[in-house]
file data-v9.cif (mmCIF, C-alpha atoms and all ligand atoms)
data_model
#
loop_
_atom_site.group_PDB
_atom_site.id
_atom_site.type_symbol
_atom_site.label_atom_id
_atom_site.label_comp_id
_atom_site.auth_asym_id
_atom_site.auth_seq_id
_atom_site.Cartn_x
_atom_site.Cartn_y
_atom_site.Cartn_z
ATOM 1 C CA MET A 1 -8.909 40.466 41.319
ATOM 2 C CA ASN A 2 -9.713 37.525 43.455
ATOM 3 C CA LEU A 3 -8.609 34.391 41.605
ATOM 4 C CA LEU A 4 -11.036 32.323 43.543
ATOM 5 C CA SER A 5 -14.042 34.414 42.558
ATOM 6 C CA PRO A 6 -16.656 32.204 40.974
ATOM 7 C CA HIS A 7 -16.767 34.212 37.699
ATOM 8 C CA PRO A 8 -18.529 32.081 35.050
ATOM 9 C CA LEU A 9 -15.797 32.707 32.414
ATOM 10 C CA HIS A 10 -12.940 31.788 34.775
ATOM 11 C CA LEU A 11 -14.788 28.703 35.875
ATOM 12 C CA GLY A 12 -15.332 27.597 32.258
ATOM 13 C CA VAL A 13 -11.627 28.056 31.398
ATOM 14 C CA LEU A 14 -10.629 26.173 34.529
ATOM 15 C CA ILE A 15 -12.953 23.238 33.775
ATOM 16 C CA CYS A 16 -11.692 23.027 30.213
ATOM 17 C CA PHE A 17 -8.074 23.270 31.400
ATOM 18 C CA LEU A 18 -8.607 20.383 33.817
ATOM 19 C CA THR A 19 -10.608 18.242 31.419
ATOM 20 C CA PHE A 20 -7.981 18.822 28.687
ATOM 21 C CA PHE A 21 -5.388 17.077 30.835
ATOM 22 C CA SER A 22 -7.759 14.248 31.614
ATOM 23 C CA GLY A 23 -8.406 13.726 27.902
ATOM 24 C CA GLY A 24 -11.609 15.790 27.487
ATOM 25 C CA CYS A 25 -12.666 19.077 25.806
ATOM 26 C CA THR A 26 -12.107 17.813 22.260
ATOM 27 C CA ASN A 27 -14.439 15.834 20.030
ATOM 28 C CA ASP A 28 -11.624 13.461 19.073
ATOM 29 C CA SER A 29 -10.278 12.564 22.444
ATOM 30 C CA PRO A 30 -7.019 10.634 22.304
ATOM 31 C CA GLY A 31 -7.317 6.905 22.901
ATOM 32 C CA THR A 32 -10.901 6.669 21.625
ATOM 33 C CA SER A 33 -11.379 4.107 18.865
ATOM 34 C CA ASN A 34 -12.566 5.605 15.580
ATOM 35 C CA VAL A 35 -14.053 2.300 14.426
ATOM 36 C CA PRO A 36 -17.605 3.135 13.298
ATOM 37 C CA ARG A 37 -20.277 1.809 15.625
ATOM 38 C CA ALA A 38 -22.457 0.686 12.745
ATOM 39 C CA LEU A 39 -21.223 -1.967 10.336
ATOM 40 C CA ARG A 40 -22.889 -1.288 6.998
ATOM 41 C CA SER A 41 -20.206 -1.971 4.392
ATOM 42 C CA ILE A 42 -17.099 -4.169 4.109
ATOM 43 C CA VAL A 43 -14.595 -4.319 1.266
ATOM 44 C CA CYS A 44 -12.695 -7.624 0.927
ATOM 45 C CA THR A 45 -9.671 -8.396 -1.233
ATOM 46 C CA THR A 46 -10.285 -11.854 -2.775
ATOM 47 C CA GLY A 47 -13.484 -13.730 -3.589
ATOM 48 C CA MET A 48 -12.660 -16.418 -1.007
ATOM 49 C CA VAL A 49 -12.340 -13.766 1.715
ATOM 50 C CA GLY A 50 -15.600 -12.165 0.519
ATOM 51 C CA ASP A 51 -17.428 -15.514 0.748
ATOM 52 C CA LEU A 52 -16.381 -16.081 4.375
ATOM 53 C CA VAL A 53 -17.082 -12.480 5.370
ATOM 54 C CA GLN A 54 -20.575 -12.414 3.796
ATOM 55 C CA ALA A 55 -21.438 -15.697 5.525
ATOM 56 C CA VAL A 56 -20.388 -14.337 8.939
ATOM 57 C CA VAL A 57 -21.964 -10.850 8.721
ATOM 58 C CA GLY A 58 -25.140 -12.031 6.961
ATOM 59 C CA PRO A 59 -27.193 -10.258 4.294
ATOM 60 C CA GLU A 60 -27.633 -7.172 6.536
ATOM 61 C CA VAL A 61 -24.147 -5.908 5.563
ATOM 62 C CA ASP A 62 -23.018 -4.884 2.061
ATOM 63 C CA VAL A 63 -19.878 -6.893 1.138
ATOM 64 C CA GLN A 64 -17.814 -5.898 -1.914
ATOM 65 C CA VAL A 65 -14.859 -7.802 -3.393
ATOM 66 C CA LEU A 66 -11.945 -5.871 -4.875
ATOM 67 C CA MET A 67 -10.417 -8.593 -7.101
ATOM 68 C CA SER A 68 -12.620 -9.970 -9.888
ATOM 69 C CA PRO A 69 -12.755 -13.672 -10.842
ATOM 70 C CA GLY A 70 -9.482 -14.792 -12.459
ATOM 71 C CA VAL A 71 -7.382 -11.978 -10.956
ATOM 72 C CA ASP A 72 -4.038 -13.110 -9.468
ATOM 73 C CA PRO A 73 -3.800 -11.688 -5.912
ATOM 74 C CA HIS A 74 0.017 -12.056 -5.815
ATOM 75 C CA LEU A 75 0.357 -9.545 -8.667
ATOM 76 C CA PHE A 76 -2.634 -7.268 -7.928
ATOM 77 C CA THR A 77 -1.903 -3.585 -7.477
ATOM 78 C CA PRO A 78 -4.707 -1.165 -6.530
ATOM 79 C CA SER A 79 -6.002 1.532 -8.894
ATOM 80 C CA PRO A 80 -6.968 4.983 -7.494
ATOM 81 C CA ARG A 81 -10.602 3.772 -7.732
ATOM 82 C CA ASP A 82 -9.785 0.683 -5.610
ATOM 83 C CA ILE A 83 -8.135 2.883 -2.986
ATOM 84 C CA SER A 84 -11.162 5.157 -2.805
ATOM 85 C CA GLN A 85 -13.484 2.111 -2.513
ATOM 86 C CA LEU A 86 -11.334 0.776 0.350
ATOM 87 C CA SER A 87 -11.266 4.102 2.152
ATOM 88 C CA MET A 88 -15.066 4.505 2.074
ATOM 89 C CA ALA A 89 -15.858 1.122 3.686
ATOM 90 C CA ASP A 90 -16.642 0.697 7.398
ATOM 91 C CA ALA A 91 -14.248 -2.282 7.455
ATOM 92 C CA VAL A 92 -11.625 -3.882 5.202
ATOM 93 C CA VAL A 93 -10.898 -7.614 5.406
ATOM 94 C CA TYR A 94 -7.981 -9.319 3.647
ATOM 95 C CA ASN A 95 -6.392 -12.789 3.501
ATOM 96 C CA GLY A 96 -2.965 -11.884 4.899
ATOM 97 C CA LEU A 97 0.361 -13.817 5.057
ATOM 98 C CA HIS A 98 1.506 -11.563 2.168
ATOM 99 C CA LEU A 99 -0.952 -13.003 -0.362
ATOM 100 C CA GLU A 100 -1.917 -9.447 -1.338
ATOM 101 C CA ALA A 101 1.710 -8.299 -1.615
ATOM 102 C CA GLY A 102 0.888 -5.291 -3.833
ATOM 103 C CA LEU A 103 -1.713 -4.024 -1.353
ATOM 104 C CA SER A 104 0.339 -4.143 1.842
ATOM 105 C CA GLN A 105 1.250 -0.436 1.852
ATOM 106 C CA THR A 106 -2.347 0.590 1.098
ATOM 107 C CA LEU A 107 -3.674 -1.605 3.923
ATOM 108 C CA GLU A 108 -1.106 -0.190 6.329
ATOM 109 C CA ASN A 109 -2.049 3.376 5.379
ATOM 110 C CA LEU A 110 -5.771 2.662 5.823
ATOM 111 C CA GLU A 111 -5.165 1.254 9.274
ATOM 112 C CA GLU A 112 -3.053 4.229 10.358
ATOM 113 C CA ASP A 113 -5.114 7.005 8.772
ATOM 114 C CA SER A 114 -8.651 6.150 9.718
ATOM 115 C CA GLY A 115 -8.620 3.747 12.615
ATOM 116 C CA ARG A 116 -11.383 1.732 10.854
ATOM 117 C CA LEU A 117 -11.374 -2.026 11.254
ATOM 118 C CA VAL A 118 -8.696 -3.413 8.894
ATOM 119 C CA TYR A 119 -8.467 -7.129 9.565
ATOM 120 C CA SER A 120 -6.476 -10.101 8.217
ATOM 121 C CA LEU A 121 -8.255 -13.469 8.323
ATOM 122 C CA ALA A 122 -4.862 -15.040 9.117
ATOM 123 C CA THR A 123 -4.709 -13.244 12.503
ATOM 124 C CA PRO A 124 -5.847 -16.191 14.709
ATOM 125 C CA LEU A 125 -3.548 -18.569 12.775
ATOM 126 C CA GLU A 126 -0.510 -16.318 13.141
ATOM 127 C CA ASN A 127 -1.161 -16.170 16.878
ATOM 128 C CA SER A 128 -0.962 -19.968 16.988
ATOM 129 C CA PRO A 129 0.900 -20.982 13.795
ATOM 130 C CA ASP A 130 1.119 -24.784 14.280
ATOM 131 C CA GLY A 131 -1.321 -25.450 11.445
ATOM 132 C CA LEU A 132 0.382 -23.117 8.952
ATOM 133 C CA ILE A 133 2.925 -24.361 6.397
ATOM 134 C CA ARG A 134 6.236 -22.594 6.926
ATOM 135 C CA VAL A 135 8.123 -21.612 3.771
ATOM 136 C CA GLY A 136 11.368 -20.490 5.366
ATOM 137 C CA GLY A 137 12.010 -18.235 8.345
ATOM 138 C CA GLU A 138 8.884 -16.485 9.573
ATOM 139 C CA GLN A 139 7.126 -16.731 6.200
ATOM 140 C CA PHE A 140 4.039 -18.888 5.777
ATOM 141 C CA ASP A 141 2.200 -20.285 2.759
ATOM 142 C CA PRO A 142 -0.763 -17.876 2.319
ATOM 143 C CA HIS A 143 -3.138 -20.324 0.511
ATOM 144 C CA PHE A 144 -4.784 -21.492 3.764
ATOM 145 C CA TRP A 145 -8.393 -21.371 2.406
ATOM 146 C CA ASN A 146 -7.444 -24.740 0.862
ATOM 147 C CA ASP A 147 -7.322 -26.290 4.354
ATOM 148 C CA LEU A 148 -10.989 -26.243 5.338
ATOM 149 C CA GLU A 149 -10.146 -26.696 9.017
ATOM 150 C CA LEU A 150 -7.923 -23.591 8.990
ATOM 151 C CA TRP A 151 -10.612 -21.694 7.064
ATOM 152 C CA GLN A 152 -13.085 -22.606 9.817
ATOM 153 C CA GLN A 153 -10.653 -21.211 12.414
ATOM 154 C CA ALA A 154 -10.465 -18.048 10.313
ATOM 155 C CA ALA A 155 -14.296 -17.750 10.332
ATOM 156 C CA THR A 156 -14.448 -18.211 14.116
ATOM 157 C CA GLY A 157 -11.633 -15.694 14.657
ATOM 158 C CA PHE A 158 -13.341 -13.110 12.431
ATOM 159 C CA ALA A 159 -16.699 -13.591 14.210
ATOM 160 C CA ASN A 160 -14.952 -13.099 17.576
ATOM 161 C CA LYS A 161 -13.248 -9.928 16.339
ATOM 162 C CA LEU A 162 -16.576 -8.529 15.107
ATOM 163 C CA ALA A 163 -18.243 -9.482 18.388
ATOM 164 C CA GLU A 164 -15.639 -7.368 20.227
ATOM 165 C CA GLU A 165 -16.064 -4.396 17.894
ATOM 166 C CA PHE A 166 -19.864 -4.576 17.519
ATOM 167 C CA PRO A 167 -21.118 -6.296 20.695
ATOM 168 C CA ASP A 168 -24.805 -5.640 19.913
ATOM 169 C CA ASP A 169 -24.629 -8.116 17.020
ATOM 170 C CA ALA A 170 -22.211 -10.607 18.613
ATOM 171 C CA ALA A 171 -24.714 -13.478 18.814
ATOM 172 C CA ARG A 172 -25.622 -13.113 15.133
ATOM 173 C CA PHE A 173 -21.974 -13.172 13.970
ATOM 174 C CA GLN A 174 -21.166 -16.212 16.073
ATOM 175 C CA ALA A 175 -24.263 -18.178 14.978
ATOM 176 C CA ASN A 176 -23.504 -17.372 11.310
ATOM 177 C CA ALA A 177 -19.883 -18.536 11.680
ATOM 178 C CA GLU A 178 -21.020 -21.797 13.260
ATOM 179 C CA ALA A 179 -23.417 -22.461 10.370
ATOM 180 C CA TYR A 180 -20.671 -21.706 7.801
ATOM 181 C CA ASN A 181 -18.210 -23.967 9.610
ATOM 182 C CA GLN A 182 -20.728 -26.795 9.714
ATOM 183 C CA LYS A 183 -21.038 -26.593 5.896
ATOM 184 C CA LEU A 184 -17.240 -26.617 5.515
ATOM 185 C CA ALA A 185 -16.876 -29.652 7.808
ATOM 186 C CA GLU A 186 -19.392 -31.554 5.657
ATOM 187 C CA LEU A 187 -17.574 -30.460 2.487
ATOM 188 C CA LEU A 188 -14.252 -31.714 3.884
ATOM 189 C CA ALA A 189 -15.646 -35.153 4.799
ATOM 190 C CA GLN A 190 -17.289 -35.484 1.379
ATOM 191 C CA SER A 191 -14.074 -34.391 -0.426
ATOM 192 C CA GLN A 192 -11.869 -36.819 1.532
ATOM 193 C CA GLU A 193 -14.195 -39.631 0.514
ATOM 194 C CA GLN A 194 -14.059 -38.617 -3.175
ATOM 195 C CA ILE A 195 -10.241 -38.344 -3.220
ATOM 196 C CA SER A 196 -9.965 -41.830 -1.666
ATOM 197 C CA ALA A 197 -11.419 -43.194 -4.943
ATOM 198 C CA ILE A 198 -8.119 -42.291 -6.710
ATOM 199 C CA PRO A 199 -5.614 -45.207 -6.635
ATOM 200 C CA PRO A 200 -2.918 -44.270 -4.035
ATOM 201 C CA GLU A 201 -0.054 -44.266 -6.591
ATOM 202 C CA ARG A 202 -1.910 -41.666 -8.673
ATOM 203 C CA ARG A 203 -2.653 -39.232 -5.868
ATOM 204 C CA ILE A 204 -0.234 -36.611 -7.213
ATOM 205 C CA LEU A 205 -1.369 -33.099 -8.032
ATOM 206 C CA ILE A 206 0.924 -31.151 -10.403
ATOM 207 C CA SER A 207 -0.142 -27.589 -11.185
ATOM 208 C CA ALA A 208 1.203 -24.226 -12.325
ATOM 209 C CA HIS A 209 2.029 -22.626 -8.945
ATOM 210 C CA ASP A 210 2.257 -23.869 -5.386
ATOM 211 C CA ALA A 211 -1.292 -23.030 -4.233
ATOM 212 C CA PHE A 212 -2.351 -26.543 -3.219
ATOM 213 C CA GLU A 213 -0.015 -27.602 -0.387
ATOM 214 C CA TYR A 214 -2.779 -27.162 2.239
ATOM 215 C CA PHE A 215 -5.287 -28.843 -0.079
ATOM 216 C CA GLY A 216 -2.953 -31.830 -0.562
ATOM 217 C CA ARG A 217 -2.152 -32.069 3.145
ATOM 218 C CA SER A 218 -5.793 -32.232 4.209
ATOM 219 C CA LEU A 219 -6.950 -34.557 1.402
ATOM 220 C CA GLY A 220 -3.937 -36.911 1.205
ATOM 221 C CA LEU A 221 -2.518 -35.806 -2.166
ATOM 222 C CA GLU A 222 1.144 -35.306 -2.984
ATOM 223 C CA VAL A 223 1.633 -31.837 -4.500
ATOM 224 C CA ALA A 224 4.187 -30.374 -6.922
ATOM 225 C CA ALA A 225 4.177 -27.143 -8.913
ATOM 226 C CA VAL A 226 6.248 -25.284 -11.488
ATOM 227 C CA GLN A 227 6.265 -21.964 -9.646
ATOM 228 C CA GLY A 228 6.606 -21.380 -5.899
ATOM 229 C CA ILE A 229 3.971 -20.026 -3.496
ATOM 230 C CA SER A 230 3.976 -16.701 -5.327
ATOM 231 C CA THR A 231 3.603 -16.162 -9.073
ATOM 232 C CA ASN A 232 5.953 -13.173 -9.156
ATOM 233 C CA THR A 233 8.944 -15.150 -10.434
ATOM 234 C CA GLU A 234 9.427 -16.809 -13.839
ATOM 235 C CA ALA A 235 9.072 -20.594 -14.072
ATOM 236 C CA SER A 236 12.553 -22.138 -14.391
ATOM 237 C CA VAL A 237 13.524 -24.515 -17.207
ATOM 238 C CA LYS A 238 15.157 -26.790 -14.626
ATOM 239 C CA LYS A 239 11.910 -27.091 -12.668
ATOM 240 C CA VAL A 240 9.987 -27.953 -15.847
ATOM 241 C CA GLU A 241 12.571 -30.672 -16.682
ATOM 242 C CA GLN A 242 12.317 -32.130 -13.165
ATOM 243 C CA LEU A 243 8.536 -32.321 -13.421
ATOM 244 C CA VAL A 244 8.720 -33.938 -16.895
ATOM 245 C CA SER A 245 10.925 -36.707 -15.406
ATOM 246 C CA ARG A 246 8.538 -37.139 -12.503
ATOM 247 C CA VAL A 247 5.494 -37.398 -14.781
ATOM 248 C CA VAL A 248 7.187 -39.937 -17.086
ATOM 249 C CA GLU A 249 8.701 -42.081 -14.285
ATOM 250 C CA ASN A 250 5.491 -42.211 -12.248
ATOM 251 C CA LYS A 251 3.194 -42.461 -15.307
ATOM 252 C CA ILE A 252 1.079 -39.591 -13.994
ATOM 253 C CA PRO A 253 -2.026 -39.486 -16.217
ATOM 254 C CA ALA A 254 -2.893 -35.781 -15.881
ATOM 255 C CA ILE A 255 -1.574 -32.401 -14.729
ATOM 256 C CA PHE A 256 -3.488 -29.158 -14.147
ATOM 257 C CA ALA A 257 -3.633 -25.568 -15.340
ATOM 258 C CA GLU A 258 -4.932 -22.752 -13.106
ATOM 259 C CA THR A 259 -7.478 -20.021 -13.796
ATOM 260 C CA SER A 260 -5.391 -17.152 -12.412
ATOM 261 C CA VAL A 261 -1.987 -18.211 -13.859
ATOM 262 C CA SER A 262 -0.653 -18.698 -17.431
ATOM 263 C CA ASP A 263 -0.637 -22.366 -18.572
ATOM 264 C CA LYS A 264 2.632 -21.981 -20.544
ATOM 265 C CA ALA A 265 4.727 -24.062 -18.113
ATOM 266 C CA ILE A 266 2.069 -26.786 -17.845
ATOM 267 C CA GLN A 267 1.973 -27.042 -21.662
ATOM 268 C CA ALA A 268 5.794 -27.267 -21.632
ATOM 269 C CA ILE A 269 5.592 -30.302 -19.303
ATOM 270 C CA ILE A 270 3.029 -31.990 -21.582
ATOM 271 C CA ALA A 271 5.292 -31.346 -24.620
ATOM 272 C CA GLY A 272 8.409 -32.545 -22.723
ATOM 273 C CA ALA A 273 6.722 -35.811 -21.732
ATOM 274 C CA LYS A 274 5.566 -36.352 -25.317
ATOM 275 C CA GLN A 275 9.196 -36.125 -26.508
ATOM 276 C CA GLN A 276 9.882 -39.044 -24.157
ATOM 277 C CA SER A 277 6.909 -40.890 -25.678
ATOM 278 C CA PHE A 278 4.618 -40.440 -22.691
ATOM 279 C CA ASP A 279 1.205 -38.859 -23.054
ATOM 280 C CA VAL A 280 0.180 -36.845 -20.008
ATOM 281 C CA ARG A 281 -3.004 -34.903 -20.570
ATOM 282 C CA LEU A 282 -4.273 -31.606 -19.299
ATOM 283 C CA GLY A 283 -6.620 -32.734 -16.512
ATOM 284 C CA GLY A 284 -8.504 -29.449 -16.479
ATOM 285 C CA THR A 285 -8.177 -25.987 -15.014
ATOM 286 C CA LEU A 286 -8.202 -25.557 -11.238
ATOM 287 C CA TYR A 287 -9.435 -22.485 -9.389
ATOM 288 C CA SER A 288 -6.312 -21.647 -7.441
ATOM 289 C CA ASP A 289 -6.349 -18.068 -6.104
ATOM 290 C CA ALA A 290 -9.690 -16.706 -7.358
ATOM 291 C CA LEU A 291 -13.340 -17.761 -7.541
ATOM 292 C CA GLY A 292 -14.949 -18.461 -10.904
ATOM 293 C CA PRO A 293 -17.233 -15.963 -12.685
ATOM 294 C CA ALA A 294 -21.045 -16.099 -12.275
ATOM 295 C CA GLY A 295 -22.425 -19.263 -13.875
ATOM 296 C CA SER A 296 -19.089 -21.136 -13.768
ATOM 297 C CA GLY A 297 -20.144 -23.429 -10.924
ATOM 298 C CA ALA A 298 -17.288 -22.002 -8.817
ATOM 299 C CA GLU A 299 -18.749 -18.613 -7.924
ATOM 300 C CA THR A 300 -18.759 -19.255 -4.152
ATOM 301 C CA PHE A 301 -15.885 -20.620 -2.084
ATOM 302 C CA PRO A 302 -17.498 -24.010 -1.232
ATOM 303 C CA LYS A 303 -18.442 -24.454 -4.918
ATOM 304 C CA MET A 304 -14.909 -23.552 -6.022
ATOM 305 C CA TYR A 305 -13.434 -26.147 -3.651
ATOM 306 C CA GLU A 306 -15.951 -28.757 -4.788
ATOM 307 C CA ALA A 307 -15.216 -28.019 -8.466
ATOM 308 C CA ASN A 308 -11.463 -28.515 -7.866
ATOM 309 C CA VAL A 309 -12.022 -31.856 -6.120
ATOM 310 C CA LYS A 310 -14.276 -33.010 -8.980
ATOM 311 C CA THR A 311 -11.737 -31.992 -11.680
ATOM 312 C CA ILE A 312 -8.881 -33.769 -9.866
ATOM 313 C CA VAL A 313 -10.828 -36.971 -9.128
ATOM 314 C CA GLU A 314 -12.094 -37.254 -12.717
ATOM 315 C CA ALA A 315 -8.618 -36.734 -14.202
ATOM 316 C CA LEU A 316 -6.632 -39.029 -11.884
ATOM 317 C CA LYS A 317 -9.139 -41.813 -11.216
HETATM 318 ZN ZN ZN A 401 -1.096 -18.293 -5.086
#
call {"tool": "encode", "arguments": {"input": "data-v9.cif", "output": "structure tokens"}}
result
Amino acid sequence: MNLLSPHPLHLGVLICFLTFFSGGCTNDSPGTSNVPRALRSIVCTTGMVGDLVQAVVGPEVDVQVLMSPGVDPHLFTPSPRDISQLSMADAVVYNGLHLEAGLSQTLENLEEDSGRLVYSLATPLENSPDGLIRVGGEQFDPHFWNDLELWQQAATGFANKLAEEFPDDAARFQANAEAYNQKLAELLAQSQEQISAIPPERRILISAHDAFEYFGRSLGLEVAAVQGISTNTEASVKKVEQLVSRVVENKIPAIFAETSVSDKAIQAIIAGAKQQSFDVRLGGTLYSDALGPAGSGAETFPKMYEANVKTIVEALK
């Protein structure tokens, strides 16, 4: 048999053989991104992430939030239903910097298994971490939504990522991010003005866990908390005693509970100060790591931020 005869079968095998080695002849050719070309649904972890994502993608895309109002993201672990919801979405967006510690394995698996877009809003900040608060080694404080300038960088970074993945809609994503950022810039200016009404010696924010370092840095408030940047450790008696002394010595008029954390330690500080004949009151409950429920006045991220500023100004002024 002449190997060079142009028999249709031989020719077909030869073409497939050659195209196999150049990456063809399969439907799933290696190196091709599996990210869906249409963006119809996104699942986000926290309400703050969901607010930013919905603003950038617009009403055309269905955005779901995994964690309900009041849920603590540091302690959240996914149910089988959550995992199935995540795996059915076209894209998954999370806060990052280990805020969602109990989800990290799930997020890693999703990224590896499907090749869908799995994106952390902290990505542009980690690439240029000057604005992030370092908490030892290569670990950063994850509560960066409380710095409205960093949150604007997150919105721009997310819009740029979407523009790369879905170039047909790039202009829409970028225009939406600009509009969102404009709102946040106005909110920051307005909040700085409101905080400046508090006498300088009273600009101290004491709360249950360390979620407000970025907030304090951008608004000029000193910040202290009973628990560290995560809520996964018990509040120490020593820390409570230190804060009681601080409250009494500085005559701090009010301290704050948080919606997603127990107020036990905050009540212990109030009781400790009382034993030293100083009345510090509960200044209200701050939205630390979760949005408020519908009708609370804190059901979107800008409203949540505004509500916190209002609570703090009223209690310390
Ligand atoms: Zn937190």
call {"tool": "resolve_selection", "arguments": {"input": "data-v9.cif", "expression": "the PyMOL selection byres (((chain A and resi 216) around 12) and not hetatm)", "output": "JSON, numbers by chain"}}
result
{"A": [133, 143, 144, 146, 147, 148, 191, 192, 195, 203, 204, 205, 206, 207, 210, 211, 212, 213, 214, 215, 217, 218, 219, 220, 221, 222, 223, 224, 225, 308, 309, 312]}
call {"tool": "residues_near_ligand", "arguments": {"input": "data-v9.cif", "ligand": "ligand ZN 401 (chain A)", "cutoff": "10 Å", "atoms": "all atoms listed in the file", "output": "PyMOL selection string"}}
result
chain A and resi 72-75+99-100+141-143+208-212+227-232+258+260-261+288-290
call {"tool": "atom_distance", "arguments": {"input": "data-v9.cif", "atom1": "CA of Ala101 in chain A", "atom2": "CA of Ser120 in chain A"}}
result
12.9 Å
call {"tool": "atom_distance", "arguments": {"input": "data-v9.cif", "atom1": "CA of Leu86 in chain A", "atom2": "CA of Ser104 in chain A"}}
result
12.8 Å
call {"tool": "resolve_selection", "arguments": {"input": "data-v9.cif", "expression": "the PyMOL selection byres (((chain A and resi 248) around 12) and not hetatm)", "output": "NGL selection string"}}
result
:A and (241-247 or 249-255 or 269-281)
call {"tool": "resolve_selection", "arguments": {"input": "data-v9.cif", "expression": "the PyMOL selection byres (((chain A and resi 317) around 7) and not hetatm)", "output": "ChimeraX atom specification"}}
result
/A:197-199,313-316
call {"tool": "closest_atom_pairs", "arguments": {"input": "data-v9.cif", "of": "range 156-262 of chain A", "to": "range 38-43 of chain A", "cutoff": "10 Å", "atoms": "all atoms listed in the file", "output": "tab-separated table"}}
result
residue	atom	partner	partner_atom	distance
A:Leu162	CA	A:Leu39	CA	9.3
A:Glu165	CA	A:Leu39	CA	9.5
A:Phe166	CA	A:Ala38	CA	7.6
A:Asp168	CA	A:Ala38	CA	9.8
A:Asp169	CA	A:Leu39	CA	9.7
call {"tool": "atom_distance", "arguments": {"input": "data-v9.cif", "atom1": "CA of Gly292 in chain A", "atom2": "CA of Leu52 in chain A"}}
result
15.5 Å
call {"tool": "closest_residue", "arguments": {"input": "data-v9.cif", "among": "A:Leu103, A:Ala235, A:Val93, A:Ile83", "to": "Gly47 in chain A", "atoms": "all atoms listed in the file"}}
result
A:Val93
call {"tool": "residues_around", "arguments": {"input": "data-v9.cif", "residues": "Asp51 in chain A", "least_positions_apart": "3", "cutoff": "7 Å", "atoms": "all atoms listed in the file", "output": "VMD selection string"}}
result
chain A and resid 47 to 48 54 to 55 300 to 301
call {"tool": "write_last_selection", "arguments": {"input": "data-v9.cif", "atoms": "C-alpha atoms", "output": "PDB file, in the coordinates of the input"}}
result
ATOM      1  CA  GLY A  47     -13.484 -13.730  -3.589  1.00  0.00           C
ATOM      2  CA  MET A  48     -12.660 -16.418  -1.007  1.00  0.00           C
ATOM      3  CA  GLN A  54     -20.575 -12.414   3.796  1.00  0.00           C
ATOM      4  CA  ALA A  55     -21.438 -15.697   5.525  1.00  0.00           C
ATOM      5  CA  THR A 300     -18.759 -19.255  -4.152  1.00  0.00           C
ATOM      6  CA  PHE A 301     -15.885 -20.620  -2.084  1.00  0.00           C
TER       7      PHE A 301
END
call {"tool": "closest_residue", "arguments": {"input": "data-v9.cif", "among": "A:Leu132, A:Ala89, A:Leu117, A:Ala163", "to": "Leu66 in chain A", "atoms": "all atoms listed in the file"}}
result
A:Ala89
call {"tool": "build_atoms", "arguments": {"input": "data-v9.cif", "residues": "range 279-291 of chain A", "atoms": "N, CA and C atoms", "output": "mmCIF file, in the frame of the given file"}}
result
data_model
loop_
_atom_site.group_PDB
_atom_site.id
_atom_site.type_symbol
_atom_site.label_atom_id
_atom_site.label_comp_id
_atom_site.auth_asym_id
_atom_site.auth_seq_id
_atom_site.Cartn_x
_atom_site.Cartn_y
_atom_site.Cartn_z
ATOM 1 N N ASP A 279 2.311 -39.807 -22.920
ATOM 2 C CA ASP A 279 1.205 -38.859 -23.054
ATOM 3 C C ASP A 279 0.599 -38.545 -21.695
ATOM 4 N N VAL A 280 0.873 -37.316 -21.209
ATOM 5 C CA VAL A 280 0.180 -36.845 -20.008
ATOM 6 C C VAL A 280 -0.819 -35.814 -20.521
ATOM 7 N N ARG A 281 -2.044 -35.871 -20.026
ATOM 8 C CA ARG A 281 -3.004 -34.903 -20.570
ATOM 9 C C ARG A 281 -3.276 -33.762 -19.590
ATOM 10 N N LEU A 282 -3.850 -32.721 -20.149
ATOM 11 C CA LEU A 282 -4.273 -31.606 -19.299
ATOM 12 C C LEU A 282 -5.550 -32.054 -18.595
ATOM 13 N N GLY A 283 -5.481 -32.195 -17.272
ATOM 14 C CA GLY A 283 -6.620 -32.734 -16.512
ATOM 15 C C GLY A 283 -7.735 -31.723 -16.308
ATOM 16 N N GLY A 284 -7.499 -30.496 -16.684
ATOM 17 C CA GLY A 284 -8.504 -29.449 -16.479
ATOM 18 C C GLY A 284 -7.853 -28.231 -15.860
ATOM 19 N N THR A 285 -8.683 -27.238 -15.577
ATOM 20 C CA THR A 285 -8.177 -25.987 -15.014
ATOM 21 C C THR A 285 -8.707 -25.839 -13.592
ATOM 22 N N LEU A 286 -7.809 -25.683 -12.644
ATOM 23 C CA LEU A 286 -8.202 -25.557 -11.238
ATOM 24 C C LEU A 286 -8.365 -24.082 -10.867
ATOM 25 N N TYR A 287 -9.286 -23.830 -9.953
ATOM 26 C CA TYR A 287 -9.435 -22.485 -9.389
ATOM 27 C C TYR A 287 -8.436 -22.388 -8.244
ATOM 28 N N SER A 288 -7.341 -21.679 -8.487
ATOM 29 C CA SER A 288 -6.312 -21.647 -7.441
ATOM 30 C C SER A 288 -6.513 -20.466 -6.511
ATOM 31 N N ASP A 289 -6.345 -19.233 -6.995
ATOM 32 C CA ASP A 289 -6.349 -18.068 -6.104
ATOM 33 C C ASP A 289 -7.521 -17.119 -6.352
ATOM 34 N N ALA A 290 -8.533 -17.570 -7.087
ATOM 35 C CA ALA A 290 -9.690 -16.706 -7.358
ATOM 36 C C ALA A 290 -10.915 -17.574 -7.608
ATOM 37 N N LEU A 291 -12.089 -17.065 -7.249
ATOM 38 C CA LEU A 291 -13.340 -17.761 -7.541
ATOM 39 C C LEU A 291 -13.593 -17.711 -9.043
#
